[in-house]
file query33.cif (mmCIF, C-alpha atoms)
data_final
loop_
_atom_site.label_atom_id
_atom_site.label_comp_id
_atom_site.auth_asym_id
_atom_site.auth_seq_id
_atom_site.Cartn_x
_atom_site.Cartn_y
_atom_site.Cartn_z
CA MET A 1 -19.34 -9.64 -20.45
CA SER A 2 -18.67 -10.88 -16.94
CA LEU A 3 -15.31 -12.36 -16.00
CA SER A 4 -16.72 -15.85 -15.47
CA ARG A 5 -18.23 -15.77 -18.95
CA PHE A 6 -14.93 -14.51 -20.30
CA VAL A 7 -13.19 -17.68 -19.10
CA TYR A 8 -16.02 -19.86 -20.42
CA TYR A 9 -16.07 -18.25 -23.85
CA SER A 10 -12.28 -18.34 -24.06
CA ALA A 11 -12.33 -22.12 -23.59
CA VAL A 12 -15.27 -22.69 -25.95
CA ILE A 13 -14.04 -20.40 -28.73
CA GLY A 14 -10.51 -21.77 -28.42
CA GLY A 15 -11.80 -25.33 -28.85
CA TRP A 16 -14.07 -24.50 -31.78
CA ALA A 17 -11.35 -22.49 -33.54
CA ALA A 18 -8.92 -25.39 -33.28
CA PHE A 19 -11.57 -27.82 -34.54
CA ALA A 20 -12.40 -25.58 -37.51
CA ALA A 21 -8.71 -25.28 -38.37
CA TRP A 22 -8.32 -29.06 -38.21
CA ALA A 23 -11.31 -29.55 -40.52
CA VAL A 24 -9.79 -27.24 -43.14
CA LEU A 25 -6.37 -28.87 -42.83
CA GLU A 26 -7.83 -32.35 -43.04
CA ALA A 27 -9.57 -31.52 -46.30
CA VAL A 28 -6.71 -29.59 -47.89
CA LEU A 29 -3.38 -30.70 -46.43
CA LEU A 30 -3.56 -33.74 -44.18
CA ARG A 31 -6.05 -35.87 -46.17
CA GLY A 32 -6.09 -38.68 -43.65
CA GLY A 33 -2.33 -39.20 -43.63
CA SER A 34 -0.36 -40.21 -40.55
CA ASN A 35 3.26 -39.46 -41.51
CA PHE A 36 3.93 -35.75 -41.88
CA GLY A 37 7.09 -33.92 -42.82
CA ALA A 38 8.47 -30.77 -41.26
CA GLY A 39 6.69 -28.55 -43.79
CA THR A 40 3.31 -30.14 -43.11
CA VAL A 41 3.73 -29.89 -39.35
CA THR A 42 4.84 -26.25 -39.61
CA ALA A 43 1.86 -25.34 -41.80
CA THR A 44 -0.51 -27.21 -39.48
CA GLY A 45 0.80 -25.35 -36.44
CA ALA A 46 0.53 -22.01 -38.24
CA VAL A 47 -3.10 -22.55 -39.29
CA VAL A 48 -4.21 -23.89 -35.91
CA GLY A 49 -2.37 -21.14 -34.03
CA ALA A 50 -3.82 -18.42 -36.26
CA ALA A 51 -7.36 -19.72 -35.75
CA ILE A 52 -7.03 -19.95 -31.95
CA GLY A 53 -5.34 -16.55 -31.72
CA ALA A 54 -8.05 -14.85 -33.78
CA GLY A 55 -10.82 -16.47 -31.75
CA LEU A 56 -9.37 -15.54 -28.37
CA ASN A 57 -8.71 -11.95 -29.44
CA LEU A 58 -12.33 -11.66 -30.53
CA VAL A 59 -13.46 -12.91 -27.12
CA SER A 60 -11.33 -10.27 -25.40
CA GLY A 61 -12.97 -7.56 -27.49
CA MET A 62 -16.55 -8.61 -26.81
CA ALA A 63 -16.94 -5.79 -24.26
CA ASN A 64 -16.75 -3.48 -27.30
CA ALA A 65 -18.01 -5.51 -30.23
CA GLN A 66 -17.56 -2.79 -32.88
CA TRP A 67 -16.78 -4.63 -36.10
CA ARG A 68 -13.84 -2.43 -37.09
CA ARG A 69 -12.21 -2.89 -33.72
CA GLN A 70 -12.85 -6.63 -33.85
CA ILE A 71 -11.28 -6.92 -37.30
CA ARG A 72 -8.11 -5.30 -35.99
CA ARG A 73 -8.08 -7.63 -33.00
CA ALA A 74 -8.65 -10.69 -35.17
CA ALA A 75 -5.81 -9.64 -37.48
CA ALA A 76 -3.46 -9.31 -34.51
CA GLY A 77 -4.51 -12.74 -33.27
CA VAL A 78 -3.97 -14.31 -36.69
CA LEU A 79 -0.50 -12.78 -36.92
CA GLY A 80 0.63 -13.69 -33.41
CA GLY A 81 -0.96 -17.14 -33.40
CA GLY A 82 0.22 -17.95 -36.91
CA ILE A 83 3.84 -17.07 -36.20
CA GLY A 84 3.72 -18.88 -32.87
CA GLY A 85 2.11 -21.94 -34.41
CA ALA A 86 4.74 -22.13 -37.15
CA LEU A 87 7.54 -21.79 -34.61
CA GLY A 88 5.80 -24.36 -32.44
CA GLY A 89 5.68 -26.87 -35.30
CA LEU A 90 9.35 -26.39 -36.03
CA SER A 91 10.23 -26.60 -32.34
CA GLY A 92 8.18 -29.76 -31.95
CA GLN A 93 10.01 -31.42 -34.81
CA ALA A 94 13.32 -30.43 -33.25
CA MET A 95 12.20 -31.84 -29.90
CA VAL A 96 11.25 -35.15 -31.46
CA ALA A 97 14.64 -35.32 -33.19
CA ALA A 98 16.29 -34.78 -29.80
CA ASN A 99 14.13 -37.51 -28.19
CA LEU A 100 12.08 -34.92 -26.32
CA PRO A 101 8.26 -34.68 -26.24
CA PHE A 102 6.59 -32.79 -29.07
CA ALA A 103 4.44 -31.05 -26.42
CA LEU A 104 7.16 -28.43 -25.94
CA GLY A 105 6.40 -27.19 -29.44
CA TRP A 106 2.76 -26.51 -28.50
CA VAL A 107 4.09 -24.53 -25.53
CA VAL A 108 5.71 -22.11 -27.97
CA MET A 109 2.43 -21.76 -29.87
CA GLY A 110 0.39 -21.18 -26.70
CA ALA A 111 2.82 -18.54 -25.43
CA SER A 112 2.70 -16.66 -28.74
CA ILE A 113 -1.10 -16.70 -28.75
CA GLY A 114 -1.16 -15.40 -25.18
CA VAL A 115 1.04 -12.39 -25.82
CA ALA A 116 -0.79 -11.37 -29.02
CA GLU A 117 -3.66 -9.77 -27.08
CA GLY A 118 -1.30 -7.82 -24.84
CA PHE A 119 0.58 -6.39 -27.80
CA CYS A 120 -2.73 -5.49 -29.46
CA ASP A 121 -3.86 -3.57 -26.36
CA ARG A 122 -0.36 -2.24 -25.62
CA SER A 123 -0.54 -3.58 -22.08
CA ILE A 124 2.50 -5.04 -20.36
CA THR A 125 0.24 -6.65 -17.76
CA LYS A 126 -1.74 -8.49 -20.44
CA VAL A 127 1.47 -9.59 -22.14
CA ARG A 128 2.72 -11.07 -18.87
CA ASN A 129 -0.55 -12.79 -17.99
CA GLY A 130 -1.08 -14.05 -21.54
CA LEU A 131 2.43 -15.42 -21.69
CA LEU A 132 1.92 -17.37 -18.48
CA GLY A 133 -1.54 -18.63 -19.39
CA GLY A 134 -0.58 -19.55 -22.95
CA THR A 135 2.49 -21.44 -21.74
CA LEU A 136 0.47 -23.45 -19.22
CA GLY A 137 -2.32 -24.08 -21.71
CA GLY A 138 0.08 -25.17 -24.44
CA LEU A 139 1.84 -27.49 -22.01
CA LEU A 140 -1.40 -29.08 -20.81
CA GLY A 141 -2.84 -29.46 -24.30
CA GLY A 142 0.49 -30.70 -25.63
CA LEU A 143 0.79 -33.40 -22.99
CA LEU A 144 -2.71 -34.62 -23.82
CA PHE A 145 -2.27 -34.32 -27.58
CA ALA A 146 -0.31 -37.51 -28.26
CA PRO A 147 -2.35 -39.96 -26.13
CA VAL A 148 -5.66 -38.50 -27.32
CA SER A 149 -4.67 -38.50 -30.99
CA HIS A 150 -3.80 -42.21 -30.78
CA ALA A 151 -6.85 -43.17 -28.71
CA GLY A 152 -9.13 -43.80 -31.72
CA SER A 153 -8.86 -43.64 -35.47
CA ASP A 154 -6.45 -41.18 -37.06
CA LEU A 155 -9.29 -38.89 -38.14
CA SER A 156 -11.25 -38.73 -34.89
CA GLY A 157 -8.13 -38.80 -32.74
CA ARG A 158 -6.62 -35.75 -34.43
CA ALA A 159 -9.93 -33.88 -34.29
CA LEU A 160 -10.29 -34.48 -30.57
CA ALA A 161 -6.61 -33.73 -29.88
CA PHE A 162 -6.70 -30.35 -31.65
CA THR A 163 -9.98 -29.45 -29.92
CA ILE A 164 -8.53 -30.23 -26.49
CA LEU A 165 -5.42 -28.22 -27.37
CA GLY A 166 -7.57 -25.17 -28.22
CA ILE A 167 -9.70 -25.56 -25.07
CA SER A 168 -6.60 -25.82 -22.88
CA ILE A 169 -4.93 -22.74 -24.34
CA GLY A 170 -8.12 -20.65 -24.24
CA ALA A 171 -9.15 -21.69 -20.72
CA LEU A 172 -5.71 -21.17 -19.18
CA ILE A 173 -5.25 -17.76 -20.81
CA GLY A 174 -8.68 -16.65 -19.59
CA LEU A 175 -8.12 -18.03 -16.08
CA THR A 176 -4.74 -16.33 -15.80
CA HIS A 177 -6.14 -12.94 -16.81
CA VAL A 178 -8.94 -13.25 -14.23
CA ALA A 179 -6.86 -14.74 -11.41
CA LEU A 180 -4.06 -12.15 -11.68
CA ARG A 181 -6.29 -9.11 -12.13
CA GLN A 182 -5.60 -6.24 -9.77
CA ALA A 183 -8.53 -3.92 -10.44
CA TRP A 184 -11.66 -4.05 -12.56
CA LEU A 185 -14.93 -2.25 -13.28
CA THR A 186 -18.49 -3.61 -13.19
CA VAL A 187 -21.42 -1.84 -14.85
CA LEU A 188 -24.25 -1.75 -12.29
CA GLU A 189 -26.70 0.58 -14.05
CA GLY A 190 -26.87 2.03 -17.54
CA PHE A 191 -25.89 0.45 -20.83
CA ARG A 192 -25.81 -3.36 -20.58
CA PRO A 193 -25.40 -3.91 -16.81
CA GLY A 194 -23.20 -6.80 -15.76
CA ARG A 195 -20.34 -6.05 -18.11
CA GLN A 196 -16.90 -6.11 -16.53
CA LEU A 197 -13.55 -4.74 -17.61
CA ILE A 198 -10.13 -5.60 -16.19
CA LEU A 199 -8.03 -2.46 -15.76
CA GLY A 200 -4.82 -3.78 -17.26
CA GLN A 201 -3.65 -0.59 -18.94
CA THR A 202 -1.95 2.44 -17.45
CA THR A 203 -4.80 4.73 -18.60
CA THR A 204 -8.38 3.63 -19.24
CA MET A 205 -10.82 6.12 -20.78
CA LEU A 206 -14.51 5.99 -19.89
CA GLY A 207 -17.30 7.45 -22.01
CA ARG A 208 -19.63 6.74 -24.90
CA GLY A 209 -16.96 6.57 -27.63
CA ASP A 210 -17.19 3.37 -29.64
CA HIS A 211 -13.40 3.17 -29.67
CA LEU A 212 -13.23 2.70 -25.90
CA PRO A 213 -12.86 -0.74 -24.28
CA LEU A 214 -16.11 -0.32 -22.28
CA PRO A 215 -18.36 2.06 -24.24
CA LEU A 216 -21.43 3.46 -22.43
CA LEU A 217 -23.86 3.75 -25.31
CA GLY A 218 -27.65 3.96 -25.58
CA ILE A 219 -29.99 6.33 -23.77
CA ALA A 220 -27.89 6.15 -20.60
CA GLY A 221 -24.92 7.65 -22.45
CA ARG A 222 -26.60 10.55 -24.20
CA ASP A 223 -25.49 13.13 -21.61
CA ILE A 224 -21.86 12.04 -21.30
CA GLU A 225 -18.88 12.83 -23.47
CA SER A 226 -17.15 10.56 -25.94
CA GLU A 227 -14.16 10.56 -23.55
CA HIS A 228 -15.77 11.53 -20.27
CA ALA A 229 -13.25 10.49 -17.59
CA ARG A 230 -10.02 8.58 -17.25
CA ILE A 231 -8.75 6.07 -14.72
CA THR A 232 -4.98 6.00 -14.31
CA ARG A 233 -2.69 3.60 -12.54
CA THR A 234 0.31 5.12 -10.82
CA PRO A 235 3.70 3.37 -10.61
CA ASP A 236 3.07 2.48 -6.95
CA GLY A 237 -0.09 0.53 -7.85
CA ARG A 238 -2.73 3.08 -6.89
CA PHE A 239 -5.72 4.00 -9.03
CA ALA A 240 -7.24 7.43 -9.49
CA ILE A 241 -9.99 8.95 -11.60
CA GLU A 242 -10.10 12.34 -13.26
CA ASP A 243 -12.95 14.09 -15.05
CA ASN A 244 -12.13 15.06 -18.64
CA HIS A 245 -13.73 18.54 -18.44
CA SER A 246 -17.18 17.09 -19.13
CA ARG A 247 -20.43 19.04 -19.01
CA VAL A 248 -22.25 16.94 -16.40
CA GLY A 249 -19.16 15.99 -14.41
CA THR A 250 -18.16 12.73 -12.76
CA LEU A 251 -19.38 11.58 -9.35
CA VAL A 252 -17.67 9.17 -6.97
CA ASN A 253 -19.86 7.86 -4.16
CA GLY A 254 -22.37 10.58 -4.96
CA LYS A 255 -19.87 13.45 -4.69
CA PRO A 256 -18.60 15.41 -7.71
CA ILE A 257 -14.85 15.22 -8.16
CA HIS A 258 -12.59 18.16 -8.92
CA GLY A 259 -9.21 17.29 -10.31
CA THR A 260 -7.90 13.81 -9.50
CA ALA A 261 -9.62 11.61 -6.91
CA ALA A 262 -8.18 8.39 -5.46
CA LEU A 263 -10.21 5.21 -5.87
CA ALA A 264 -10.74 2.54 -3.24
CA ASP A 265 -12.36 -0.87 -3.38
CA GLY A 266 -16.14 -0.61 -3.72
CA ASP A 267 -16.28 3.01 -4.91
CA LEU A 268 -19.22 3.85 -7.16
CA ILE A 269 -18.49 5.94 -10.24
CA ARG A 270 -21.38 7.77 -11.90
CA LEU A 271 -21.21 9.09 -15.46
CA GLY A 272 -24.59 10.48 -16.43
CA SER A 273 -27.07 7.61 -15.90
CA ASN A 274 -24.32 4.96 -15.79
CA ILE A 275 -23.05 3.63 -12.46
CA LEU A 276 -19.86 1.58 -12.36
CA ARG A 277 -18.32 -0.13 -9.34
CA PHE A 278 -14.56 -0.04 -8.94
CA SER A 279 -13.14 -3.23 -7.41
CA LEU A 280 -9.62 -3.71 -6.10
CA ARG A 281 -8.10 -7.10 -5.55
CA SER A 282 -8.16 -8.08 -1.88
CA GLY A 283 -5.41 -9.75 0.06
CA ARG A 284 -2.73 -7.17 -0.78
CA GLY A 285 -2.05 -6.11 2.80
CA GLU A 286 -2.74 -2.51 3.63
CA ARG A 287 -4.95 -0.54 1.31
CA ALA A 288 -2.84 1.25 -1.25
CA VAL A 289 -5.41 3.94 -1.92
CA ALA A 290 -7.09 6.73 -0.03
CA PRO A 291 -10.53 6.30 1.61
CA PRO A 292 -13.54 6.66 -0.68
CA VAL A 293 -14.38 10.16 -1.78
CA GLY A 294 -17.11 11.61 0.38
CA ALA A 295 -16.64 9.18 3.27
CA LYS A 296 -18.12 10.45 6.53
CA PRO A 297 -15.84 10.83 9.53
CA SER A 298 -16.35 8.66 12.56
CA ALA A 299 -18.85 9.86 15.15
CA ALA A 300 -16.59 8.97 18.06
CA MET A 301 -14.90 11.94 19.74
CA PRO A 302 -11.08 11.69 19.93
CA LEU A 303 -9.34 11.75 23.29
CA PRO A 304 -7.54 14.96 24.27
CA PRO A 305 -3.79 14.87 23.66
CA PRO A 306 -1.68 13.81 26.63
CA PRO A 307 0.22 16.49 28.55
CA PRO A 308 3.99 16.62 28.07
CA GLY A 309 5.59 13.82 30.04
CA GLY A 310 2.32 12.65 31.49
CA LYS A 311 -0.15 9.85 30.93
CA PRO A 312 -2.94 10.06 28.38
CA GLN A 313 -5.99 11.73 29.79
CA SER A 314 -9.20 9.76 30.11
CA PRO A 315 -12.50 11.13 28.88
CA PRO A 316 -14.20 13.56 31.28
CA PRO A 317 -16.65 11.79 33.59
CA ALA A 318 -20.34 12.28 33.08
CA PRO A 319 -21.89 14.86 35.46
CA LYS A 320 -23.63 13.45 38.53
CA VAL A 321 -27.29 14.15 39.02
CA PRO A 322 -28.28 14.93 42.65
CA THR A 323 -30.43 12.32 44.28
CA SER A 324 -32.91 14.94 45.38
CA ALA A 325 -33.52 15.89 41.78
CA ILE A 326 -34.71 12.38 40.94
CA PRO A 327 -38.45 12.22 41.39
CA ALA A 328 -39.76 9.46 43.57
CA LYS A 329 -41.99 6.84 42.09
CA PRO A 330 -45.65 7.32 42.67
CA PRO A 331 -47.32 4.68 44.77
CA SER A 332 -49.21 3.34 41.77
CA GLN A 333 -45.91 2.42 40.13
CA SER A 334 -44.33 0.91 43.25
CA GLY A 335 -46.87 -1.86 43.44
CA GLY A 336 -48.35 -0.81 46.89
CA ARG A 337 -51.93 0.26 47.83
CA ILE A 338 -52.90 3.86 48.20
CA PRO A 339 -53.51 4.49 51.95
CA PRO A 340 -57.00 5.81 52.87
CA PRO A 341 -57.25 9.46 53.85
CA PRO A 342 -57.19 10.21 57.60
CA PRO A 343 -60.63 10.58 59.29
CA PRO A 344 -61.91 14.11 59.90
CA PRO A 345 -61.36 15.45 63.46
CA ARG A 346 -64.28 15.20 65.93
CA ARG A 347 -65.96 18.35 67.04
CA GLN A 348 -65.70 18.97 70.75
CA LEU A 349 -68.81 20.06 72.63
#

call {"tool": "encode", "arguments": {"input": "query33.cif", "output": "structure tokens"}}
result
Amino acid sequence: MSLSRFVYYSAVIGGWAAFAAWAVLEAVLLRGGSNFGAGTVTATGAVVGAAIGAGLNLVSGMANAQWRRQIRRAAAGVLGGGIGGALGGLSGQAMVAANLPFALGWVVMGASIGVAEGFCDRSITKVRNGLLGGTLGGLLGGLLFAPVSHAGSDLSGRALAFTILGISIGALIGLTHVALRQAWLTVLEGFRPGRQLILGQTTTMLGRGDHLPLPLLGIAGRDIESEHARITRTPDGRFAIEDNHSRVGTLVNGKPIHGTAALADGDLIRLGSNILRFSLRSGRGERAVAPPVGAKPSAAMPLPPPPPGGKPQSPPPAPKVPTSAIPAKPPSQSGGRIPPPPPPPRRQL
């Protein structure tokens, strides 16, 4: 799944999950009422948060849609979103009692949903980005919740308010992950081209294993290993790739790598019949990685080093060709007429 689709699906799934949770609550718990106690609000927040968290975690795992992996991700989303939603309901009630907006309670729920994915993937970067995106999404959806819920009837107003809350949380979490990404991979050729993966973990394994975040399955992955190569991120922010003792090896820019090879923006990684492009976020000043593997040196000849204490030497001048060695232009090329031959000498009697 591309990164633009990731943001789109995060917003859509977040909205639909919140709407589905509202429909269940309306039939079981709310029943058209307008005055809710602390227990009802807490239960409502828990159900809505669990539904949004499960939906967003499923979207994040769509690059590897193995059902067992998705079940684990959904469970983590239900746990994180449910706890956050319950705490958000309680916090909202406390805010109202202190004459503060209830929207701050939805901020707690959004933040908890955002960090659930990072904890599931054991990625500090995802925890940070999810926390920021969930907080912003919860704040935006919370500020719109009260005016939207009172815009129409109680039933339609609550349905629209919960849907907007889910869209806001999902869209802001997805946008934050994409906007703050540092490096990512794009599948150019092989199994399902166009898929993208943000490199948010310290070590990312590549191969055909169905447990990997970007599995290379199908015919294109028949010659590669289950764990073929690994991309690691060093503490100074650089990225490098290392072949995992595979049979066919790993190529970077068409050259086989031996040991660890640094990655630069635009490098092409080949694993069997799969080609992936490594992208590094621009605008970070000087490049933090080495030149691409296999890059050709410049054709320009360097200047000789300057003598001690002297000025840098200039390149040697080109040798002069003697003027006599330059052939003259024939008359036909000079534009003139060819003179007639001289008349034969007269014979003397």

call {"tool": "atom_distance", "arguments": {"input": "query33.cif", "atom1": "atom CA of A:Thr125", "atom2": "atom CA of A:Gln182"}}
result
9.9 Å

call {"tool": "resolve_selection", "arguments": {"input": "query33.cif", "expression": "the PyMOL selection byres ((chain A and resi 230) around 6)", "output": "mmCIF file with C-alpha atoms, in the frame of the given file"}}
result
data_model
loop_
_atom_site.group_PDB
_atom_site.id
_atom_site.type_symbol
_atom_site.label_atom_id
_atom_site.label_comp_id
_atom_site.auth_asym_id
_atom_site.auth_seq_id
_atom_site.Cartn_x
_atom_site.Cartn_y
_atom_site.Cartn_z
ATOM 1 C CA THR A 204 -8.380 3.630 -19.240
ATOM 2 C CA MET A 205 -10.820 6.120 -20.780
ATOM 3 C CA LEU A 206 -14.510 5.990 -19.890
ATOM 4 C CA ALA A 229 -13.250 10.490 -17.590
ATOM 5 C CA ILE A 231 -8.750 6.070 -14.720
ATOM 6 C CA ILE A 241 -9.990 8.950 -11.600
ATOM 7 C CA GLU A 242 -10.100 12.340 -13.260
#

call {"tool": "residues_around", "arguments": {"input": "query33.cif", "residues": "A:Phe19", "least_positions_apart": "2", "cutoff": "10 Å", "atoms": "only C-alpha atoms", "output": "list in words"}}
result
Ile13, Gly14, Gly15, Trp16, Ala17, Ala21, Trp22, Ala23, Val24, Leu25, Val48, Ala51, Ile52, Arg158, Ala159, Leu160, Ala161, Phe162, Thr163, Ile164, Leu165, Gly166 and Ile167 of chain A

call {"tool": "write_last_selection", "arguments": {"input": "query33.cif", "atoms": "C-alpha atoms", "output": "CSV table (one decimal), in the frame of the given file"}}
result
chain,number,residue,atom,x,y,z
A,13,ILE,CA,-14.0,-20.4,-28.7
A,14,GLY,CA,-10.5,-21.8,-28.4
A,15,GLY,CA,-11.8,-25.3,-28.8
A,16,TRP,CA,-14.1,-24.5,-31.8
A,17,ALA,CA,-11.4,-22.5,-33.5
A,21,ALA,CA,-8.7,-25.3,-38.4
A,22,TRP,CA,-8.3,-29.1,-38.2
A,23,ALA,CA,-11.3,-29.6,-40.5
A,24,VAL,CA,-9.8,-27.2,-43.1
A,25,LEU,CA,-6.4,-28.9,-42.8
A,48,VAL,CA,-4.2,-23.9,-35.9
A,51,ALA,CA,-7.4,-19.7,-35.8
A,52,ILE,CA,-7.0,-20.0,-32.0
A,158,ARG,CA,-6.6,-35.8,-34.4
A,159,ALA,CA,-9.9,-33.9,-34.3
A,160,LEU,CA,-10.3,-34.5,-30.6
A,161,ALA,CA,-6.6,-33.7,-29.9
A,162,PHE,CA,-6.7,-30.4,-31.6
A,163,THR,CA,-10.0,-29.4,-29.9
A,164,ILE,CA,-8.5,-30.2,-26.5
A,165,LEU,CA,-5.4,-28.2,-27.4
A,166,GLY,CA,-7.6,-25.2,-28.2
A,167,ILE,CA,-9.7,-25.6,-25.1

call {"tool": "resolve_selection", "arguments": {"input": "query33.cif", "expression": "the PyMOL selection byres ((chain A and resi 41) around 9)", "output": "PyMOL selection string"}}
result
chain A and resi 36-40+42-46+86+89-90+92-93

call {"tool": "residues_around", "arguments": {"input": "query33.cif", "residues": "stretch 106-109 of chain A", "least_positions_apart": "3", "cutoff": "7 Å", "atoms": "all atoms listed in the file", "output": "list in words"}}
result
Gly49, Gly81, Gly84, Gly85, Leu87, Gly88, Ala103, Ser112, Ile113, Thr135, Gly138, Leu139 and Gly142 of chain A

call {"tool": "closest_residue", "arguments": {"input": "query33.cif", "among": "A:Ile198, A:Ala94, A:Leu172, A:Leu140", "to": "A:Gly61", "atoms": "only C-alpha atoms"}}
result
A:Ile198

call {"tool": "closest_residue", "arguments": {"input": "query33.cif", "among": "A:Val148, A:Phe6, A:Gly190, A:Arg181", "to": "A:Gly218", "atoms": "all atoms listed in the file"}}
result
A:Gly190
